[in-house]
Each structure stands twice: as C-alpha cells, then as structure tokens.
>>> print(open('coords26.cif').read())   # mmCIF, N, CA and C atoms
data_start
#
loop_
_atom_site.label_atom_id
_atom_site.label_comp_id
_atom_site.auth_asym_id
_atom_site.auth_seq_id
_atom_site.Cartn_x
_atom_site.Cartn_y
_atom_site.Cartn_z
N MET A 1 -2.94 122.20 45.27
CA MET A 1 -2.27 123.48 45.45
C MET A 1 -2.69 124.09 46.78
N ARG A 2 -1.74 124.59 47.49
CA ARG A 2 -1.97 125.20 48.79
C ARG A 2 -2.74 126.51 48.66
N ASN A 3 -3.68 126.73 49.56
CA ASN A 3 -4.43 127.98 49.62
C ASN A 3 -3.55 129.03 50.30
N LEU A 4 -3.20 130.09 49.61
CA LEU A 4 -2.31 131.10 50.16
C LEU A 4 -3.04 132.27 50.82
N CYS A 5 -4.36 132.29 50.72
CA CYS A 5 -5.15 133.39 51.30
C CYS A 5 -5.30 133.21 52.81
N LEU A 6 -5.15 134.31 53.52
CA LEU A 6 -5.30 134.29 54.97
C LEU A 6 -6.74 134.64 55.35
N ASP A 7 -7.30 133.86 56.25
CA ASP A 7 -8.70 134.03 56.66
C ASP A 7 -8.83 135.19 57.64
N GLN A 8 -9.74 136.12 57.34
CA GLN A 8 -9.94 137.31 58.16
C GLN A 8 -11.06 137.19 59.19
N THR A 9 -11.72 136.05 59.25
CA THR A 9 -12.91 135.94 60.09
C THR A 9 -12.64 136.09 61.58
N GLU A 10 -11.44 135.79 62.05
CA GLU A 10 -11.16 135.84 63.49
C GLU A 10 -10.48 137.13 63.95
N ILE A 11 -10.34 138.13 63.08
CA ILE A 11 -9.52 139.29 63.43
C ILE A 11 -10.29 140.59 63.63
N SER A 12 -11.59 140.57 63.54
CA SER A 12 -12.37 141.82 63.57
C SER A 12 -12.20 142.62 64.86
N HIS A 13 -11.93 141.98 65.97
CA HIS A 13 -11.82 142.70 67.24
C HIS A 13 -10.38 143.13 67.56
N PHE A 14 -9.42 142.83 66.68
CA PHE A 14 -8.04 143.26 66.88
C PHE A 14 -7.79 144.57 66.15
N THR A 15 -6.97 145.41 66.72
CA THR A 15 -6.63 146.68 66.06
C THR A 15 -5.20 146.68 65.53
N SER A 16 -4.32 145.98 66.18
CA SER A 16 -2.91 145.94 65.80
C SER A 16 -2.68 145.01 64.60
N LYS A 17 -1.90 145.47 63.63
CA LYS A 17 -1.57 144.63 62.47
C LYS A 17 -0.83 143.37 62.89
N SER A 18 0.06 143.50 63.87
CA SER A 18 0.82 142.33 64.31
C SER A 18 -0.10 141.29 64.97
N GLN A 19 -1.09 141.74 65.73
CA GLN A 19 -2.05 140.81 66.32
C GLN A 19 -2.88 140.13 65.24
N LYS A 20 -3.29 140.90 64.25
CA LYS A 20 -4.09 140.34 63.16
C LYS A 20 -3.32 139.27 62.40
N ILE A 21 -2.08 139.57 62.04
CA ILE A 21 -1.31 138.59 61.26
C ILE A 21 -0.98 137.37 62.10
N ARG A 22 -0.74 137.55 63.40
CA ARG A 22 -0.47 136.40 64.27
C ARG A 22 -1.66 135.45 64.27
N VAL A 23 -2.85 136.01 64.45
CA VAL A 23 -4.07 135.19 64.48
C VAL A 23 -4.30 134.52 63.13
N MET A 24 -4.18 135.28 62.05
CA MET A 24 -4.42 134.71 60.72
C MET A 24 -3.38 133.65 60.36
N SER A 25 -2.11 133.91 60.63
CA SER A 25 -1.07 132.95 60.25
C SER A 25 -1.12 131.69 61.11
N GLU A 26 -1.42 131.84 62.41
CA GLU A 26 -1.52 130.67 63.27
C GLU A 26 -2.77 129.83 62.96
N SER A 27 -3.77 130.44 62.38
CA SER A 27 -4.96 129.71 61.94
C SER A 27 -4.71 129.03 60.60
N TRP A 28 -4.00 129.71 59.71
CA TRP A 28 -3.73 129.21 58.36
C TRP A 28 -2.77 128.03 58.35
N THR A 29 -1.72 128.10 59.15
CA THR A 29 -0.64 127.10 59.09
C THR A 29 -1.11 125.66 59.27
N PRO A 30 -1.85 125.29 60.32
CA PRO A 30 -2.20 123.87 60.46
C PRO A 30 -3.19 123.35 59.41
N THR A 31 -3.86 124.24 58.71
CA THR A 31 -4.78 123.77 57.66
C THR A 31 -4.08 123.63 56.31
N GLU A 32 -2.95 124.33 56.13
CA GLU A 32 -2.28 124.35 54.83
C GLU A 32 -0.88 123.74 54.82
N ILE A 33 -0.29 123.53 55.99
CA ILE A 33 1.08 123.05 56.08
C ILE A 33 1.10 121.75 56.88
N VAL A 34 1.97 120.83 56.48
CA VAL A 34 2.13 119.56 57.19
C VAL A 34 3.50 119.53 57.86
N CYS A 35 3.69 118.57 58.71
CA CYS A 35 4.95 118.40 59.42
C CYS A 35 6.09 118.19 58.41
N ALA A 36 7.15 118.94 58.56
CA ALA A 36 8.31 118.82 57.67
C ALA A 36 9.06 117.51 57.91
N ALA A 37 8.91 116.92 59.09
CA ALA A 37 9.62 115.70 59.44
C ALA A 37 8.93 114.44 58.92
N CYS A 38 7.58 114.40 59.00
CA CYS A 38 6.89 113.15 58.63
C CYS A 38 5.69 113.34 57.71
N GLY A 39 5.29 114.58 57.44
CA GLY A 39 4.17 114.83 56.54
C GLY A 39 2.80 114.75 57.17
N SER A 40 2.73 114.61 58.48
CA SER A 40 1.45 114.50 59.18
C SER A 40 0.89 115.88 59.51
N GLN A 41 -0.32 115.88 60.03
CA GLN A 41 -1.03 117.11 60.38
C GLN A 41 -0.39 117.79 61.59
N LEU A 42 -0.47 119.11 61.60
CA LEU A 42 0.00 119.90 62.73
C LEU A 42 -1.19 120.33 63.57
N GLN A 43 -0.95 120.50 64.86
CA GLN A 43 -1.99 121.08 65.71
C GLN A 43 -1.38 122.26 66.46
N ARG A 44 -2.22 123.24 66.72
CA ARG A 44 -1.76 124.43 67.43
C ARG A 44 -1.42 124.06 68.87
N SER A 45 -0.42 124.74 69.40
CA SER A 45 -0.06 124.51 70.80
C SER A 45 -1.01 125.32 71.69
N VAL A 46 -0.92 125.11 72.95
CA VAL A 46 -1.71 125.85 73.93
C VAL A 46 -1.33 127.32 73.83
N ALA A 47 -2.29 128.20 73.93
CA ALA A 47 -2.04 129.64 73.83
C ALA A 47 -0.95 130.08 74.81
N ASN A 48 -0.12 130.98 74.35
CA ASN A 48 0.97 131.57 75.15
C ASN A 48 2.08 130.59 75.52
N SER A 49 2.22 129.49 74.76
CA SER A 49 3.36 128.59 74.99
C SER A 49 4.63 129.31 74.58
N LYS A 50 5.69 129.14 75.34
CA LYS A 50 6.95 129.81 75.05
C LYS A 50 7.68 129.11 73.90
N VAL A 51 7.87 129.83 72.81
CA VAL A 51 8.62 129.37 71.64
C VAL A 51 8.06 128.03 71.14
N LEU A 52 6.76 127.96 71.02
CA LEU A 52 6.10 126.77 70.49
C LEU A 52 4.73 127.17 69.95
N ASP A 53 4.56 127.03 68.64
CA ASP A 53 3.28 127.37 68.02
C ASP A 53 2.51 126.14 67.57
N PHE A 54 3.24 125.10 67.09
CA PHE A 54 2.59 123.91 66.54
C PHE A 54 3.35 122.65 66.95
N ARG A 55 2.61 121.54 66.97
CA ARG A 55 3.21 120.23 67.25
C ARG A 55 2.60 119.23 66.27
N CYS A 56 3.43 118.33 65.76
CA CYS A 56 2.95 117.29 64.86
C CYS A 56 2.14 116.27 65.66
N VAL A 57 1.00 115.87 65.12
CA VAL A 57 0.15 114.90 65.82
C VAL A 57 0.74 113.49 65.76
N ASN A 58 1.68 113.25 64.85
CA ASN A 58 2.25 111.91 64.70
C ASN A 58 3.61 111.78 65.38
N CYS A 59 4.58 112.56 64.96
CA CYS A 59 5.95 112.40 65.48
C CYS A 59 6.29 113.38 66.60
N THR A 60 5.38 114.26 66.96
CA THR A 60 5.50 115.28 68.01
C THR A 60 6.60 116.31 67.77
N ALA A 61 7.07 116.44 66.53
CA ALA A 61 8.02 117.51 66.22
C ALA A 61 7.37 118.84 66.56
N GLU A 62 8.15 119.76 67.10
CA GLU A 62 7.62 121.06 67.53
C GLU A 62 8.10 122.15 66.59
N TYR A 63 7.23 123.14 66.36
CA TYR A 63 7.51 124.22 65.42
C TYR A 63 7.18 125.58 66.00
N GLU A 64 8.00 126.54 65.65
CA GLU A 64 7.76 127.95 65.96
C GLU A 64 7.58 128.66 64.63
N LEU A 65 6.54 129.46 64.50
CA LEU A 65 6.26 130.20 63.27
C LEU A 65 6.76 131.63 63.41
N LYS A 66 7.56 132.05 62.45
CA LYS A 66 8.01 133.44 62.37
C LYS A 66 7.47 134.01 61.08
N SER A 67 6.77 135.12 61.17
CA SER A 67 6.20 135.72 59.97
C SER A 67 6.64 137.17 59.86
N LYS A 68 6.70 137.63 58.62
CA LYS A 68 7.20 138.98 58.35
C LYS A 68 6.54 139.50 57.09
N SER A 69 6.22 140.77 57.09
CA SER A 69 5.72 141.41 55.88
C SER A 69 6.90 141.63 54.95
N GLY A 70 6.82 141.12 53.75
CA GLY A 70 7.94 141.25 52.80
C GLY A 70 8.96 140.15 53.01
N LYS A 71 10.15 140.38 52.45
CA LYS A 71 11.20 139.36 52.47
C LYS A 71 11.95 139.32 53.80
N PHE A 72 12.40 138.12 54.17
CA PHE A 72 13.25 137.97 55.34
C PHE A 72 14.65 138.43 55.00
N THR A 73 15.34 138.93 56.00
CA THR A 73 16.75 139.31 55.86
C THR A 73 17.58 138.31 56.66
N LYS A 74 18.80 138.66 56.95
CA LYS A 74 19.68 137.75 57.69
C LYS A 74 19.26 137.55 59.13
N LYS A 75 18.52 138.49 59.69
CA LYS A 75 18.08 138.40 61.08
C LYS A 75 16.56 138.26 61.15
N VAL A 76 16.12 137.45 62.11
CA VAL A 76 14.69 137.26 62.36
C VAL A 76 14.38 137.85 63.72
N THR A 77 13.49 138.82 63.75
CA THR A 77 13.12 139.48 64.99
C THR A 77 12.29 138.55 65.86
N ASP A 78 12.57 138.57 67.15
CA ASP A 78 11.79 137.78 68.09
C ASP A 78 11.46 138.64 69.30
N GLY A 79 10.21 138.66 69.68
CA GLY A 79 9.77 139.50 70.79
C GLY A 79 10.29 139.06 72.14
N GLY A 80 10.40 137.76 72.37
CA GLY A 80 10.84 137.23 73.65
C GLY A 80 12.23 136.64 73.56
N TYR A 81 13.23 137.50 73.52
CA TYR A 81 14.61 137.06 73.30
C TYR A 81 15.08 136.04 74.34
N SER A 82 14.88 136.33 75.62
CA SER A 82 15.38 135.42 76.65
C SER A 82 14.66 134.08 76.61
N ALA A 83 13.35 134.09 76.35
CA ALA A 83 12.61 132.84 76.23
C ALA A 83 13.10 132.03 75.03
N MET A 84 13.39 132.73 73.92
CA MET A 84 13.90 132.05 72.74
C MET A 84 15.27 131.43 73.01
N MET A 85 16.17 132.17 73.64
CA MET A 85 17.51 131.65 73.92
C MET A 85 17.46 130.46 74.88
N THR A 86 16.59 130.53 75.88
CA THR A 86 16.43 129.42 76.82
C THR A 86 15.93 128.18 76.09
N ARG A 87 14.92 128.36 75.26
CA ARG A 87 14.33 127.22 74.54
C ARG A 87 15.32 126.62 73.55
N LEU A 88 16.10 127.45 72.86
CA LEU A 88 17.06 126.93 71.89
C LEU A 88 18.19 126.16 72.56
N ALA A 89 18.47 126.46 73.82
CA ALA A 89 19.52 125.75 74.55
C ALA A 89 19.05 124.38 75.04
N GLU A 90 17.75 124.13 75.04
CA GLU A 90 17.21 122.85 75.49
C GLU A 90 17.44 121.77 74.44
N SER A 91 17.39 120.53 74.87
CA SER A 91 17.63 119.41 73.94
C SER A 91 16.49 119.24 72.94
N ASN A 92 15.30 119.77 73.23
CA ASN A 92 14.16 119.63 72.33
C ASN A 92 13.77 120.98 71.70
N SER A 93 14.76 121.73 71.25
CA SER A 93 14.45 123.03 70.65
C SER A 93 13.60 122.83 69.40
N PRO A 94 12.74 123.80 69.08
CA PRO A 94 11.78 123.63 67.98
C PRO A 94 12.41 123.81 66.60
N HIS A 95 11.72 123.31 65.61
CA HIS A 95 12.01 123.62 64.22
C HIS A 95 11.31 124.95 63.95
N PHE A 96 11.65 125.57 62.84
CA PHE A 96 11.04 126.86 62.52
C PHE A 96 10.32 126.80 61.18
N PHE A 97 9.24 127.55 61.10
CA PHE A 97 8.58 127.86 59.84
C PHE A 97 8.73 129.36 59.65
N PHE A 98 9.09 129.77 58.45
CA PHE A 98 9.22 131.18 58.13
C PHE A 98 8.20 131.52 57.06
N MET A 99 7.41 132.55 57.32
CA MET A 99 6.34 132.93 56.41
C MET A 99 6.45 134.42 56.12
N SER A 100 6.50 134.77 54.85
CA SER A 100 6.40 136.18 54.49
C SER A 100 5.02 136.40 53.90
N TYR A 101 4.47 137.56 54.16
CA TYR A 101 3.08 137.81 53.76
C TYR A 101 2.94 139.21 53.18
N ASP A 102 1.84 139.40 52.49
CA ASP A 102 1.46 140.70 51.94
C ASP A 102 0.21 141.13 52.70
N MET A 103 0.35 142.07 53.61
CA MET A 103 -0.77 142.50 54.46
C MET A 103 -1.87 143.19 53.65
N ALA A 104 -1.50 143.89 52.59
CA ALA A 104 -2.50 144.59 51.78
C ALA A 104 -3.42 143.61 51.07
N ARG A 105 -2.86 142.49 50.59
CA ARG A 105 -3.67 141.51 49.87
C ARG A 105 -4.03 140.31 50.72
N LEU A 106 -3.51 140.25 51.96
CA LEU A 106 -3.79 139.18 52.91
C LEU A 106 -3.56 137.78 52.35
N TYR A 107 -2.32 137.57 51.90
CA TYR A 107 -1.96 136.21 51.52
C TYR A 107 -0.51 135.95 51.84
N SER A 108 -0.21 134.67 51.95
CA SER A 108 1.15 134.24 52.23
C SER A 108 1.94 134.26 50.93
N GLU A 109 3.05 134.99 50.91
CA GLU A 109 3.88 135.05 49.71
C GLU A 109 4.86 133.88 49.66
N ARG A 110 5.48 133.58 50.78
CA ARG A 110 6.47 132.51 50.86
C ARG A 110 6.30 131.82 52.21
N PHE A 111 6.56 130.52 52.18
CA PHE A 111 6.50 129.75 53.42
C PHE A 111 7.53 128.66 53.31
N PHE A 112 8.46 128.59 54.26
CA PHE A 112 9.47 127.55 54.18
C PHE A 112 9.90 127.12 55.57
N PRO A 113 10.27 125.83 55.69
CA PRO A 113 10.76 125.31 56.97
C PRO A 113 12.22 125.65 57.17
N GLY A 114 12.63 125.72 58.39
CA GLY A 114 14.03 125.91 58.74
C GLY A 114 14.32 125.12 60.00
N THR A 115 15.59 124.97 60.33
CA THR A 115 15.93 124.22 61.54
C THR A 115 16.71 125.09 62.49
#
>>> encode(input="coords26.cif", output="structure tokens")
Amino acid sequence: MRNLCLDQTEISHFTSKSQKIRVMSESWTPTEIVCAACGSQLQRSVANSKVLDFRCVNCTAEYELKSKSGKFTKKVTDGGYSAMMTRLAESNSPHFFFMSYDMARLYSERFFPGT
C-alpha cells in the first residue's frame, strides 16, 4: 500500500503554503509513484526545469506534477503559461501526474496519471 503522508522534514524554512506543498509533493512522488509507461523508478529532474519534474530511469518518459488542495476541476492552473504552451508543442511533451492533497492533514488524497 502506498504511503499517502507527505514528509515535512524539508519545509521548515519555507513560509508559503505553495512552496511547502511543492517541496513535499516533489519529494513524495519518486518514492511512492512509478513510471506509468513501464513501472520503473522515477527520478527528480534538475531544479527549475521548464515543465519537467520527473523522468523515468528506464524508458526516460517525462512527467510534470500538478497538485491542488481539494478536487481538480476542468482547468488546471499553471504558473508558467508560455513555458507550458511551448513545451506542449514540442514532440517530446511530458505526461502529467495530478495530485490532490489535504494541507491540514498533510497527505495525498488522490493521485492519478494523465496524458
């Protein structure tokens, strides 16, 4: 069974909730989620990569993680719109992981892949 609790050890120096959840979710994902394409381990991408959070160590599939407190709606907010549109127009656009979380209890409520 997957561990749904988010680790708080790396967030003590952050003040913003969005920064905290980014750090916790990006730390949680490669330890609890495998590649949707081949089932292999994921590794974090280099910090500040444009529209790329994880890469599969086996098949090199690329993933972008989108997380939201509560349920997702029809639209997914993205901070870097132009970078996202540029990346999606490329032949190697990433797959997506969508994660909803409960910030009060610090755990992942739902996690699912998307394309």
>>> select_by_dssp(input="coords26.cif", residues="chain A", states="helix (DSSP H, G or I)", output="list in words")
Lys17, Ser18, Gln19, Lys20, Ile21, Arg22, Val23, Met24, Ser25, Glu26, Ser27, Trp28, Thr29, Pro30, Thr31, Glu32, Tyr81, Ser82, Ala83, Met84, Met85, Thr86, Arg87, Leu88 and Ala89 of chain A
>>> resolve_selection(input="coords26.cif", expression="the PyMOL selection byres ((chain A and resi 71) around 8)", output="JSON, numbers by chain")
{"A": [68, 69, 70, 72, 73, 74, 99, 100, 101]}
>>> closest_residue(input="coords26.cif", among="A:Phe54, A:Cys59, A:Glu64, A:Ile21", to="Ala37 in chain A", atoms="only N, CA and C atoms")
A:Cys59
>>> closest_residue(input="coords26.cif", among="A:Ile33, A:Pro94, A:Ser67, A:Gly39", to="Lys20 in chain A", atoms="only C-alpha atoms")
A:Ser67
>>> resolve_selection(input="coords26.cif", expression="the PyMOL selection byres (((chain A and resi 93 and name CA) around 10) and name CA)", output="MDAnalysis selection string")
chainID A and resid 51:52 61:64 84:92 94:96 115
>>> write_last_selection(input="coords26.cif", atoms="N, CA and C atoms", output="mmCIF file, in the coordinates of the input")
data_model
loop_
_atom_site.group_PDB
_atom_site.id
_atom_site.type_symbol
_atom_site.label_atom_id
_atom_site.label_comp_id
_atom_site.auth_asym_id
_atom_site.auth_seq_id
_atom_site.Cartn_x
_atom_site.Cartn_y
_atom_site.Cartn_z
ATOM 1 N N VAL A 51 7.870 129.830 72.810
ATOM 2 C CA VAL A 51 8.620 129.370 71.640
ATOM 3 C C VAL A 51 8.060 128.030 71.140
ATOM 4 N N LEU A 52 6.760 127.960 71.020
ATOM 5 C CA LEU A 52 6.100 126.770 70.490
ATOM 6 C C LEU A 52 4.730 127.170 69.950
ATOM 7 N N ALA A 61 7.070 116.440 66.530
ATOM 8 C CA ALA A 61 8.020 117.510 66.220
ATOM 9 C C ALA A 61 7.370 118.840 66.560
ATOM 10 N N GLU A 62 8.150 119.760 67.100
ATOM 11 C CA GLU A 62 7.620 121.060 67.530
ATOM 12 C C GLU A 62 8.100 122.150 66.590
ATOM 13 N N TYR A 63 7.230 123.140 66.360
ATOM 14 C CA TYR A 63 7.510 124.220 65.420
ATOM 15 C C TYR A 63 7.180 125.580 66.000
ATOM 16 N N GLU A 64 8.000 126.540 65.650
ATOM 17 C CA GLU A 64 7.760 127.950 65.960
ATOM 18 C C GLU A 64 7.580 128.660 64.630
ATOM 19 N N MET A 84 13.390 132.730 73.920
ATOM 20 C CA MET A 84 13.900 132.050 72.740
ATOM 21 C C MET A 84 15.270 131.430 73.010
ATOM 22 N N MET A 85 16.170 132.170 73.640
ATOM 23 C CA MET A 85 17.510 131.650 73.920
ATOM 24 C C MET A 85 17.460 130.460 74.880
ATOM 25 N N THR A 86 16.590 130.530 75.880
ATOM 26 C CA THR A 86 16.430 129.420 76.820
ATOM 27 C C THR A 86 15.930 128.180 76.090
ATOM 28 N N ARG A 87 14.920 128.360 75.260
ATOM 29 C CA ARG A 87 14.330 127.220 74.540
ATOM 30 C C ARG A 87 15.320 126.620 73.550
ATOM 31 N N LEU A 88 16.100 127.450 72.860
ATOM 32 C CA LEU A 88 17.060 126.930 71.890
ATOM 33 C C LEU A 88 18.190 126.160 72.560
ATOM 34 N N ALA A 89 18.470 126.460 73.820
ATOM 35 C CA ALA A 89 19.520 125.750 74.550
ATOM 36 C C ALA A 89 19.050 124.380 75.040
ATOM 37 N N GLU A 90 17.750 124.130 75.040
ATOM 38 C CA GLU A 90 17.210 122.850 75.490
ATOM 39 C C GLU A 90 17.440 121.770 74.440
ATOM 40 N N SER A 91 17.390 120.530 74.870
ATOM 41 C CA SER A 91 17.630 119.410 73.940
ATOM 42 C C SER A 91 16.490 119.240 72.940
ATOM 43 N N ASN A 92 15.300 119.770 73.230
ATOM 44 C CA ASN A 92 14.160 119.630 72.330
ATOM 45 C C ASN A 92 13.770 120.980 71.700
ATOM 46 N N PRO A 94 12.740 123.800 69.080
ATOM 47 C CA PRO A 94 11.780 123.630 67.980
ATOM 48 C C PRO A 94 12.410 123.810 66.600
ATOM 49 N N HIS A 95 11.720 123.310 65.610
ATOM 50 C CA HIS A 95 12.010 123.620 64.220
ATOM 51 C C HIS A 95 11.310 124.950 63.950
ATOM 52 N N PHE A 96 11.650 125.570 62.840
ATOM 53 C CA PHE A 96 11.040 126.860 62.520
ATOM 54 C C PHE A 96 10.320 126.800 61.180
ATOM 55 N N THR A 115 15.590 124.970 60.330
ATOM 56 C CA THR A 115 15.930 124.220 61.540
ATOM 57 C C THR A 115 16.710 125.090 62.490
#
>>> atom_distance(input="coords26.cif", atom1="CA of Met24 in chain A", atom2="CA of Val57 in chain A")
21.0 Å
>>> residues_around(input="coords26.cif", residues="Asp53 in chain A", least_positions_apart="3", cutoff="12 Å", atoms="only C-alpha atoms", output="VMD selection string")
chain A and resid 22 to 23 25 to 27 29 to 30 42 to 50 56 61 to 67 94 to 97
>>> atom_distance(input="coords26.cif", atom1="atom N of Thr60 in chain A", atom2="CA of Ser40 in chain A")
8.7 Å
>>> atom_distance(input="coords26.cif", atom1="atom N of Lys17 in chain A", atom2="CA of Thr31 in chain A")
22.7 Å
>>> axis_aligned_box(input="coords26.cif", around="range 7-18 of chain A", padding_each_side="4 Å", output="lines of an AutoDock Vina configuration file")
center_x = -6.0
center_y = 140.3
center_z = 61.9
size_x = 21.7
size_y = 20.8
size_z = 19.3
>>> closest_residue(input="coords26.cif", among="A:Thr9, A:Asn3, A:Asn58, A:Gln19", to="Glu32 in chain A", atoms="only C-alpha atoms")
A:Asn3
